[in-house]
file structure-v2.cif (mmCIF, C-alpha atoms and all ligand atoms)
data_target
#
loop_
_atom_site.group_PDB
_atom_site.id
_atom_site.type_symbol
_atom_site.label_atom_id
_atom_site.label_comp_id
_atom_site.auth_asym_id
_atom_site.auth_seq_id
_atom_site.Cartn_x
_atom_site.Cartn_y
_atom_site.Cartn_z
ATOM 1 C CA MET O 184 0.000 0.000 0.000
ATOM 2 C CA SER O 185 1.303 3.412 -0.854
ATOM 3 C CA ASP O 186 1.047 6.285 1.583
ATOM 4 C CA PHE O 187 -0.451 9.640 0.709
ATOM 5 C CA GLN O 188 2.267 12.299 0.830
ATOM 6 C CA GLN O 189 1.734 15.885 1.909
ATOM 7 C CA PRO O 190 2.698 18.055 -1.076
ATOM 8 C CA PRO O 191 5.335 20.725 -0.492
ATOM 9 C CA LEU O 192 4.113 24.222 0.313
ATOM 10 C CA PRO O 193 4.129 26.085 -3.054
ATOM 11 C CA TYR O 194 6.172 28.950 -1.536
ATOM 12 C CA ALA O 195 8.524 29.545 1.387
ATOM 13 C CA MET O 196 7.125 29.221 4.909
ATOM 14 C CA ASP O 197 7.499 32.999 5.400
ATOM 15 C CA ALA O 198 6.428 34.024 1.868
ATOM 16 C CA LEU O 199 3.031 35.361 2.974
ATOM 17 C CA LYS O 200 4.337 37.249 6.010
ATOM 18 C CA GLY O 201 2.311 40.368 6.576
ATOM 19 C CA TYR O 202 -0.737 38.135 6.168
ATOM 20 C CA ILE O 203 0.425 34.808 7.617
ATOM 21 C CA SER O 204 3.554 34.751 9.754
ATOM 22 C CA GLU O 205 6.169 32.017 9.485
ATOM 23 C CA GLU O 206 5.143 30.780 12.947
ATOM 24 C CA GLN O 207 1.448 30.603 11.978
ATOM 25 C CA MET O 208 2.283 28.836 8.707
ATOM 26 C CA SER O 209 4.671 26.381 10.308
ATOM 27 C CA TYR O 210 1.961 25.263 12.746
ATOM 28 C CA HIS O 211 -0.735 25.154 10.108
ATOM 29 C CA TYR O 212 1.263 23.380 7.390
ATOM 30 C CA GLY O 213 3.738 21.486 9.535
ATOM 31 C CA LYS O 214 1.481 20.328 12.387
ATOM 32 C CA HIS O 215 -2.184 20.481 11.367
ATOM 33 C CA HIS O 216 -1.983 19.655 7.657
ATOM 34 C CA ALA O 217 0.787 17.115 8.149
ATOM 35 C CA GLY O 218 -1.217 15.494 10.954
ATOM 36 C CA TYR O 219 -4.147 14.723 8.656
ATOM 37 C CA TYR O 220 -1.836 12.721 6.355
ATOM 38 C CA THR O 221 -0.352 10.826 9.293
ATOM 39 C CA LYS O 222 -3.795 9.878 10.611
ATOM 40 C CA LEU O 223 -5.186 9.090 7.150
ATOM 41 C CA ASN O 224 -2.296 6.788 6.296
ATOM 42 C CA ARG O 225 -2.694 5.007 9.618
ATOM 43 C CA MET O 226 -6.441 4.543 9.017
ATOM 44 C CA LEU O 227 -5.939 3.294 5.455
ATOM 45 C CA LYS O 228 -3.244 0.787 6.316
ATOM 46 C CA ASP O 229 -4.257 -2.420 4.488
ATOM 47 C CA ASP O 230 -7.355 -0.688 3.054
ATOM 48 C CA PRO O 231 -7.795 -0.962 -0.755
ATOM 49 C CA LEU O 232 -8.984 2.686 -0.771
ATOM 50 C CA ALA O 233 -5.333 3.660 -0.330
ATOM 51 C CA GLU O 234 -4.699 2.667 -3.966
ATOM 52 C CA HIS O 235 -7.021 5.432 -5.206
ATOM 53 C CA SER O 236 -6.335 9.130 -5.605
ATOM 54 C CA LEU O 237 -6.809 11.337 -2.557
ATOM 55 C CA GLN O 238 -9.739 13.043 -4.300
ATOM 56 C CA ASP O 239 -11.404 9.678 -4.933
ATOM 57 C CA VAL O 240 -10.985 8.769 -1.258
ATOM 58 C CA VAL O 241 -12.638 12.080 -0.274
ATOM 59 C CA VAL O 242 -15.611 11.399 -2.546
ATOM 60 C CA ALA O 243 -15.989 7.733 -1.547
ATOM 61 C CA SER O 244 -15.415 7.880 2.216
ATOM 62 C CA SER O 245 -17.235 8.930 5.363
ATOM 63 C CA GLY O 246 -16.476 9.254 9.062
ATOM 64 C CA GLY O 247 -12.887 9.493 10.241
ATOM 65 C CA ILE O 248 -11.368 8.521 6.894
ATOM 66 C CA PHE O 249 -13.368 11.254 5.168
ATOM 67 C CA ASN O 250 -12.438 13.847 7.802
ATOM 68 C CA ASN O 251 -8.714 13.241 7.421
ATOM 69 C CA ALA O 252 -8.735 12.702 3.628
ATOM 70 C CA ALA O 253 -10.798 15.850 3.056
ATOM 71 C CA GLN O 254 -8.653 17.933 5.388
ATOM 72 C CA ALA O 255 -5.535 16.672 3.586
ATOM 73 C CA TRP O 256 -7.060 17.589 0.195
ATOM 74 C CA ASN O 257 -8.631 20.885 1.321
ATOM 75 C CA HIS O 258 -5.373 22.256 2.733
ATOM 76 C CA ALA O 259 -3.309 21.267 -0.303
ATOM 77 C CA PHE O 260 -5.874 23.146 -2.410
ATOM 78 C CA PHE O 261 -5.928 26.096 0.000
ATOM 79 C CA TRP O 262 -2.135 26.672 -0.147
ATOM 80 C CA ASN O 263 -2.491 27.098 -3.895
ATOM 81 C CA CYS O 264 -5.277 29.653 -3.445
ATOM 82 C CA MET O 265 -2.702 32.085 -2.052
ATOM 83 C CA SER O 266 0.433 33.546 -3.594
ATOM 84 C CA PRO O 267 3.061 36.092 -2.547
ATOM 85 C CA ALA O 268 2.619 37.498 -6.081
ATOM 86 C CA SER O 269 -1.159 37.929 -6.189
ATOM 87 C CA SER O 270 -2.359 39.346 -9.498
ATOM 88 C CA GLY O 271 -4.761 41.601 -7.605
ATOM 89 C CA GLY O 272 -8.081 40.497 -9.032
ATOM 90 C CA PRO O 273 -9.957 38.103 -11.293
ATOM 91 C CA SER O 274 -9.661 38.607 -15.051
ATOM 92 C CA GLY O 275 -10.883 37.124 -18.329
ATOM 93 C CA GLN O 276 -13.514 34.412 -18.215
ATOM 94 C CA LEU O 277 -13.317 34.151 -14.422
ATOM 95 C CA ALA O 278 -14.211 37.847 -14.077
ATOM 96 C CA ASP O 279 -17.057 37.383 -16.597
ATOM 97 C CA PHE O 280 -18.481 34.409 -14.664
ATOM 98 C CA ILE O 281 -18.232 36.282 -11.348
ATOM 99 C CA ASP O 282 -19.957 39.346 -12.824
ATOM 100 C CA ARG O 283 -22.690 37.126 -14.277
ATOM 101 C CA ASP O 284 -23.384 35.179 -11.058
ATOM 102 C CA PHE O 285 -22.709 37.779 -8.330
ATOM 103 C CA GLY O 286 -23.239 41.119 -10.085
ATOM 104 C CA SER O 287 -19.688 42.425 -9.636
ATOM 105 C CA ILE O 288 -16.264 41.402 -8.336
ATOM 106 C CA GLN O 289 -16.833 43.516 -5.231
ATOM 107 C CA ALA O 290 -20.232 41.920 -4.583
ATOM 108 C CA PHE O 291 -18.611 38.485 -4.852
ATOM 109 C CA LYS O 292 -15.823 39.438 -2.436
ATOM 110 C CA ASP O 293 -18.343 40.895 0.021
ATOM 111 C CA GLN O 294 -20.521 37.751 -0.079
ATOM 112 C CA PHE O 295 -17.538 35.421 0.226
ATOM 113 C CA SER O 296 -16.094 37.434 3.141
ATOM 114 C CA GLU O 297 -19.472 37.446 4.858
ATOM 115 C CA ALA O 298 -19.793 33.663 4.443
ATOM 116 C CA ALA O 299 -16.256 33.102 5.771
ATOM 117 C CA THR O 300 -16.730 35.448 8.712
ATOM 118 C CA THR O 301 -20.115 34.168 9.831
ATOM 119 C CA LEU O 302 -19.559 30.421 9.346
ATOM 120 C CA PHE O 303 -20.227 29.010 12.812
ATOM 121 C CA GLY O 304 -17.329 27.118 14.332
ATOM 122 C CA ALA O 305 -14.713 25.417 12.170
ATOM 123 C CA GLY O 306 -14.930 25.131 8.406
ATOM 124 C CA TRP O 307 -14.179 26.497 4.961
ATOM 125 C CA ALA O 308 -15.623 29.142 2.648
ATOM 126 C CA TRP O 309 -15.635 27.899 -0.943
ATOM 127 C CA LEU O 310 -16.229 29.290 -4.406
ATOM 128 C CA ALA O 311 -17.373 26.357 -6.519
ATOM 129 C CA ILE O 312 -18.811 25.682 -9.968
ATOM 130 C CA ASP O 313 -21.582 23.179 -10.700
ATOM 131 C CA SER O 314 -22.227 21.027 -13.759
ATOM 132 C CA GLN O 315 -24.301 23.856 -15.306
ATOM 133 C CA SER O 316 -21.237 26.155 -15.029
ATOM 134 C CA LYS O 317 -22.915 28.235 -12.342
ATOM 135 C CA LEU O 318 -20.746 29.663 -9.579
ATOM 136 C CA SER O 319 -21.784 29.680 -5.946
ATOM 137 C CA ILE O 320 -20.351 30.389 -2.517
ATOM 138 C CA LEU O 321 -20.572 27.467 -0.114
ATOM 139 C CA PRO O 322 -19.799 27.913 3.580
ATOM 140 C CA LEU O 323 -19.143 24.342 4.761
ATOM 141 C CA GLY O 324 -18.431 23.086 8.281
ATOM 142 C CA ASN O 325 -15.462 21.063 9.501
ATOM 143 C CA ALA O 326 -13.874 19.075 6.634
ATOM 144 C CA ASP O 327 -16.833 19.347 4.258
ATOM 145 C CA THR O 328 -16.074 20.104 0.616
ATOM 146 C CA PRO O 329 -17.918 20.895 -2.653
ATOM 147 C CA LEU O 330 -16.554 17.580 -3.999
ATOM 148 C CA LYS O 331 -19.291 15.885 -1.947
ATOM 149 C CA TYR O 332 -21.973 17.888 -3.793
ATOM 150 C CA HIS O 333 -20.730 17.198 -7.337
ATOM 151 C CA GLN O 334 -19.272 20.681 -7.530
ATOM 152 C CA THR O 335 -15.745 21.682 -8.485
ATOM 153 C CA PRO O 336 -13.852 23.878 -6.003
ATOM 154 C CA LEU O 337 -12.331 27.042 -7.483
ATOM 155 C CA LEU O 338 -11.202 28.929 -4.362
ATOM 156 C CA THR O 339 -11.236 28.314 -0.637
ATOM 157 C CA LEU O 340 -10.391 29.991 2.643
ATOM 158 C CA ASP O 341 -9.732 27.975 5.795
ATOM 159 C CA VAL O 342 -11.536 29.552 8.747
ATOM 160 C CA TRP O 343 -10.695 26.941 11.357
ATOM 161 C CA GLU O 344 -9.244 28.789 14.371
ATOM 162 C CA HIS O 345 -5.964 26.931 13.811
ATOM 163 C CA ALA O 346 -5.649 28.870 10.507
ATOM 164 C CA TYR O 347 -5.347 32.276 12.144
ATOM 165 C CA TYR O 348 -5.120 32.094 15.937
ATOM 166 C CA VAL O 349 -1.347 32.632 16.189
ATOM 167 C CA ASP O 350 -1.516 35.860 14.155
ATOM 168 C CA TYR O 351 -5.058 37.151 14.720
ATOM 169 C CA ARG O 352 -6.209 35.516 17.977
ATOM 170 C CA ASN O 353 -10.020 35.654 17.876
ATOM 171 C CA GLU O 354 -10.228 38.256 15.074
ATOM 172 C CA ARG O 355 -11.431 36.131 12.180
ATOM 173 C CA PRO O 356 -12.820 39.146 10.242
ATOM 174 C CA ARG O 357 -9.318 40.668 9.939
ATOM 175 C CA PHE O 358 -7.939 37.347 8.691
ATOM 176 C CA VAL O 359 -10.748 37.128 6.122
ATOM 177 C CA ASP O 360 -10.205 40.729 4.935
ATOM 178 C CA GLY O 361 -6.486 40.165 4.395
ATOM 179 C CA PHE O 362 -7.093 37.109 2.224
ATOM 180 C CA TRP O 363 -7.882 39.289 -0.812
ATOM 181 C CA GLU O 364 -4.334 40.711 -0.725
ATOM 182 C CA VAL O 365 -2.823 37.272 -1.392
ATOM 183 C CA ALA O 366 -5.569 35.493 -3.373
ATOM 184 C CA ASN O 367 -4.060 33.557 -6.287
ATOM 185 C CA TRP O 368 -6.414 34.466 -9.145
ATOM 186 C CA ASP O 369 -4.260 32.683 -11.729
ATOM 187 C CA PHE O 370 -4.862 29.437 -9.840
ATOM 188 C CA VAL O 371 -8.613 30.125 -9.634
ATOM 189 C CA SER O 372 -8.737 30.822 -13.379
ATOM 190 C CA LYS O 373 -6.914 27.562 -14.062
ATOM 191 C CA GLN O 374 -9.447 25.610 -11.964
ATOM 192 C CA LEU O 375 -12.279 27.271 -13.905
ATOM 193 C CA GLU O 376 -10.688 26.454 -17.286
ATOM 194 C CA GLU O 377 -10.307 22.801 -16.311
ATOM 195 C CA ALA O 378 -13.849 22.627 -14.913
ATOM 196 C CA ILE O 379 -15.507 23.881 -18.103
ATOM 197 C CA ALA O 380 -13.126 22.213 -20.607
HETATM 198 FE FE FE2 E 401 -6.467 24.379 8.435
#
call {"tool": "encode", "arguments": {"input": "structure-v2.cif", "output": "structure tokens"}}
result
Amino acid sequence: MSDFQQPPLPYAMDALKGYISEEQMSYHYGKHHAGYYTKLNRMLKDDPLAEHSLQDVVVASSGGIFNNAAQAWNHAFFWNCMSPASSGGPSGQLADFIDRDFGSIQAFKDQFSEAATTLFGAGWAWLAIDSQSKLSILPLGNADTPLKYHQTPLLTLDVWEHAYYVDYRNERPRFVDGFWEVANWDFVSKQLEEAIA
């Protein structure tokens, strides 16, 4: 059986400092995210599910295996949603789709921020696209993911307390606001292109 491996962070541990400190990132990536892989691999020891892709395990599993597989997948996706060289805003087809489904880029950002800020307890705010190519914002609790609802994730923000408590303590709204400074729109555009191809 092959183990699932945590992918490397797509930038240096301190690359997002100003938004996420090296200490915050080292706990989040090195302890929390890494821990989900450790637990998942332990749970899937001798389980034929371990021969599938991580995404397939997320879609097919429930309970503890789902929680750890989804958290492994969600975080790997989340790291890619941020970049030290953010392009500043959506463009091209992504901007067109956002305008069509939310009215404007600003309206989308406001709705996404509101969903991320008000999500009760631990979870994730997602931008996802369905099979009709319609975009929607999904605030989902704990490890839950659009993959479970036949939707394709385009962007996510982790609002578990472990994502921001070192840098922001209890101030989730400030953590959510800062996200737009580092959002990786090129990555979001790429997810959209693949989803509608
Ligand atoms: Fe997290």
call {"tool": "residues_around", "arguments": {"input": "structure-v2.cif", "residues": "segment 272-281 of chain O", "least_positions_apart": "3", "cutoff": "9 Å", "atoms": "all atoms listed in the file", "output": "MDAnalysis selection string"}}
result
chainID O and resid 269 284:288 291 316:318 363 366:369 371:372 375:376
call {"tool": "resolve_selection", "arguments": {"input": "structure-v2.cif", "expression": "the PyMOL selection byres (((not hetatm)) within 6 of (chain E and resi 401))", "output": "ChimeraX atom specification"}}
result
/O:341,343,345-346
call {"tool": "write_last_selection", "arguments": {"input": "structure-v2.cif", "atoms": "C-alpha atoms", "output": "PDB file, in the frame of the given file"}}
result
ATOM      1  CA  ASP O 341      -9.732  27.975   5.795  1.00  0.00           C
ATOM      2  CA  TRP O 343     -10.695  26.941  11.357  1.00  0.00           C
ATOM      3  CA  HIS O 345      -5.964  26.931  13.811  1.00  0.00           C
ATOM      4  CA  ALA O 346      -5.649  28.870  10.507  1.00  0.00           C
TER       5      ALA O 346
END
call {"tool": "resolve_selection", "arguments": {"input": "structure-v2.cif", "expression": "the PyMOL selection byres (((chain O and resi 229-238) around 10) and not hetatm)", "output": "list of chain:residue names"}}
result
O:Met184, O:Ser185, O:Asp186, O:Phe187, O:Gln188, O:Leu223, O:Asn224, O:Arg225, O:Met226, O:Leu227, O:Lys228, O:Asp239, O:Val240, O:Val241, O:Val242, O:Ala243, O:Ser244, O:Ile248, O:Ala252, O:Ala253, O:Ala255, O:Trp256, O:Asn257, O:Leu330
call {"tool": "closest_residue", "arguments": {"input": "structure-v2.cif", "among": "O:Ala299, O:Tyr210, O:Asp282, O:Tyr219", "to": "Phe358 of chain O", "atoms": "all atoms listed in the file"}}
result
O:Ala299
call {"tool": "resolve_selection", "arguments": {"input": "structure-v2.cif", "expression": "the PyMOL selection byres (((chain O and resi 350) around 7) and not hetatm)", "output": "compact mmCIF listing (two decimals) with C-alpha atoms, keeping the file's coordinate frame"}}
result
# COMPACT_ATOMS: atom_id res chain seq x y z
CA ILE O 203 0.42 34.81 7.62
CA SER O 204 3.55 34.75 9.75
CA GLN O 207 1.45 30.60 11.98
CA TYR O 347 -5.35 32.28 12.14
CA TYR O 348 -5.12 32.09 15.94
CA VAL O 349 -1.35 32.63 16.19
CA TYR O 351 -5.06 37.15 14.72
CA ARG O 352 -6.21 35.52 17.98
call {"tool": "build_atoms", "arguments": {"input": "structure-v2.cif", "residues": "segment 310-339 of chain O", "atoms": "N, CA and C atoms", "output": "mmCIF file, in the frame of the given file"}}
result
data_model
loop_
_atom_site.group_PDB
_atom_site.id
_atom_site.type_symbol
_atom_site.label_atom_id
_atom_site.label_comp_id
_atom_site.auth_asym_id
_atom_site.auth_seq_id
_atom_site.Cartn_x
_atom_site.Cartn_y
_atom_site.Cartn_z
ATOM 1 N N LEU O 310 -15.599 28.928 -3.133
ATOM 2 C CA LEU O 310 -16.229 29.290 -4.406
ATOM 3 C C LEU O 310 -16.170 28.022 -5.240
ATOM 4 N N ALA O 311 -17.333 27.611 -5.762
ATOM 5 C CA ALA O 311 -17.373 26.357 -6.519
ATOM 6 C C ALA O 311 -18.213 26.554 -7.766
ATOM 7 N N ILE O 312 -18.049 25.638 -8.720
ATOM 8 C CA ILE O 312 -18.811 25.682 -9.968
ATOM 9 C C ILE O 312 -19.536 24.359 -10.138
ATOM 10 N N ASP O 313 -20.817 24.420 -10.542
ATOM 11 C CA ASP O 313 -21.582 23.179 -10.700
ATOM 12 C C ASP O 313 -21.570 22.704 -12.154
ATOM 13 N N SER O 314 -22.282 21.628 -12.418
ATOM 14 C CA SER O 314 -22.227 21.027 -13.759
ATOM 15 C C SER O 314 -22.912 21.900 -14.816
ATOM 16 N N GLN O 315 -23.688 22.898 -14.370
ATOM 17 C CA GLN O 315 -24.301 23.856 -15.306
ATOM 18 C C GLN O 315 -23.425 25.102 -15.482
ATOM 19 N N SER O 316 -22.192 25.038 -14.965
ATOM 20 C CA SER O 316 -21.237 26.155 -15.029
ATOM 21 C C SER O 316 -21.680 27.372 -14.239
ATOM 22 N N LYS O 317 -22.491 27.126 -13.215
ATOM 23 C CA LYS O 317 -22.915 28.235 -12.342
ATOM 24 C C LYS O 317 -22.011 28.268 -11.105
ATOM 25 N N LEU O 318 -21.590 29.488 -10.761
ATOM 26 C CA LEU O 318 -20.746 29.663 -9.579
ATOM 27 C C LEU O 318 -21.609 29.849 -8.342
ATOM 28 N N SER O 319 -21.119 29.337 -7.208
ATOM 29 C CA SER O 319 -21.784 29.680 -5.946
ATOM 30 C C SER O 319 -20.782 29.655 -4.798
ATOM 31 N N ILE O 320 -21.157 30.347 -3.736
ATOM 32 C CA ILE O 320 -20.351 30.389 -2.517
ATOM 33 C C ILE O 320 -20.953 29.390 -1.542
ATOM 34 N N LEU O 321 -20.103 28.491 -1.047
ATOM 35 C CA LEU O 321 -20.572 27.467 -0.114
ATOM 36 C C LEU O 321 -19.797 27.583 1.192
ATOM 37 N N PRO O 322 -20.436 28.001 2.271
ATOM 38 C CA PRO O 322 -19.799 27.913 3.580
ATOM 39 C C PRO O 322 -20.047 26.510 4.132
ATOM 40 N N LEU O 323 -18.978 25.745 4.353
ATOM 41 C CA LEU O 323 -19.143 24.342 4.761
ATOM 42 C C LEU O 323 -18.378 24.068 6.050
ATOM 43 N N GLY O 324 -19.012 23.328 6.962
ATOM 44 C CA GLY O 324 -18.431 23.086 8.281
ATOM 45 C C GLY O 324 -17.387 21.979 8.289
ATOM 46 N N ASN O 325 -16.484 22.083 9.246
ATOM 47 C CA ASN O 325 -15.462 21.063 9.501
ATOM 48 C C ASN O 325 -14.667 20.728 8.243
ATOM 49 N N ALA O 326 -14.689 19.457 7.792
ATOM 50 C CA ALA O 326 -13.874 19.075 6.634
ATOM 51 C C ALA O 326 -14.681 19.082 5.339
ATOM 52 N N ASP O 327 -15.927 19.510 5.405
ATOM 53 C CA ASP O 327 -16.833 19.347 4.258
ATOM 54 C C ASP O 327 -16.334 20.124 3.031
ATOM 55 N N THR O 328 -16.634 19.588 1.869
ATOM 56 C CA THR O 328 -16.074 20.104 0.616
ATOM 57 C C THR O 328 -17.095 20.009 -0.523
ATOM 58 N N PRO O 329 -17.020 20.944 -1.489
ATOM 59 C CA PRO O 329 -17.918 20.895 -2.653
ATOM 60 C C PRO O 329 -17.832 19.574 -3.423
ATOM 61 N N LEU O 330 -16.703 18.861 -3.289
ATOM 62 C CA LEU O 330 -16.554 17.580 -3.999
ATOM 63 C C LEU O 330 -17.677 16.617 -3.630
ATOM 64 N N LYS O 331 -18.213 16.769 -2.410
ATOM 65 C CA LYS O 331 -19.291 15.885 -1.947
ATOM 66 C C LYS O 331 -20.633 16.243 -2.585
ATOM 67 N N TYR O 332 -20.706 17.425 -3.204
ATOM 68 C CA TYR O 332 -21.973 17.888 -3.793
ATOM 69 C C TYR O 332 -21.856 17.992 -5.314
ATOM 70 N N HIS O 333 -20.940 17.217 -5.888
ATOM 71 C CA HIS O 333 -20.730 17.198 -7.337
ATOM 72 C C HIS O 333 -20.417 18.583 -7.873
ATOM 73 N N GLN O 334 -19.716 19.382 -7.064
ATOM 74 C CA GLN O 334 -19.272 20.681 -7.530
ATOM 75 C C GLN O 334 -17.746 20.701 -7.545
ATOM 76 N N THR O 335 -17.194 21.586 -8.372
ATOM 77 C CA THR O 335 -15.745 21.682 -8.485
ATOM 78 C C THR O 335 -15.257 22.916 -7.730
ATOM 79 N N PRO O 336 -14.381 22.730 -6.738
ATOM 80 C CA PRO O 336 -13.852 23.878 -6.003
ATOM 81 C C PRO O 336 -12.987 24.772 -6.901
ATOM 82 N N LEU O 337 -13.165 26.084 -6.752
ATOM 83 C CA LEU O 337 -12.331 27.042 -7.483
ATOM 84 C C LEU O 337 -11.426 27.832 -6.543
ATOM 85 N N LEU O 338 -11.924 28.104 -5.327
ATOM 86 C CA LEU O 338 -11.202 28.929 -4.362
ATOM 87 C C LEU O 338 -11.686 28.544 -2.972
ATOM 88 N N THR O 339 -10.780 28.559 -1.999
ATOM 89 C CA THR O 339 -11.236 28.314 -0.637
ATOM 90 C C THR O 339 -10.433 29.126 0.369
#
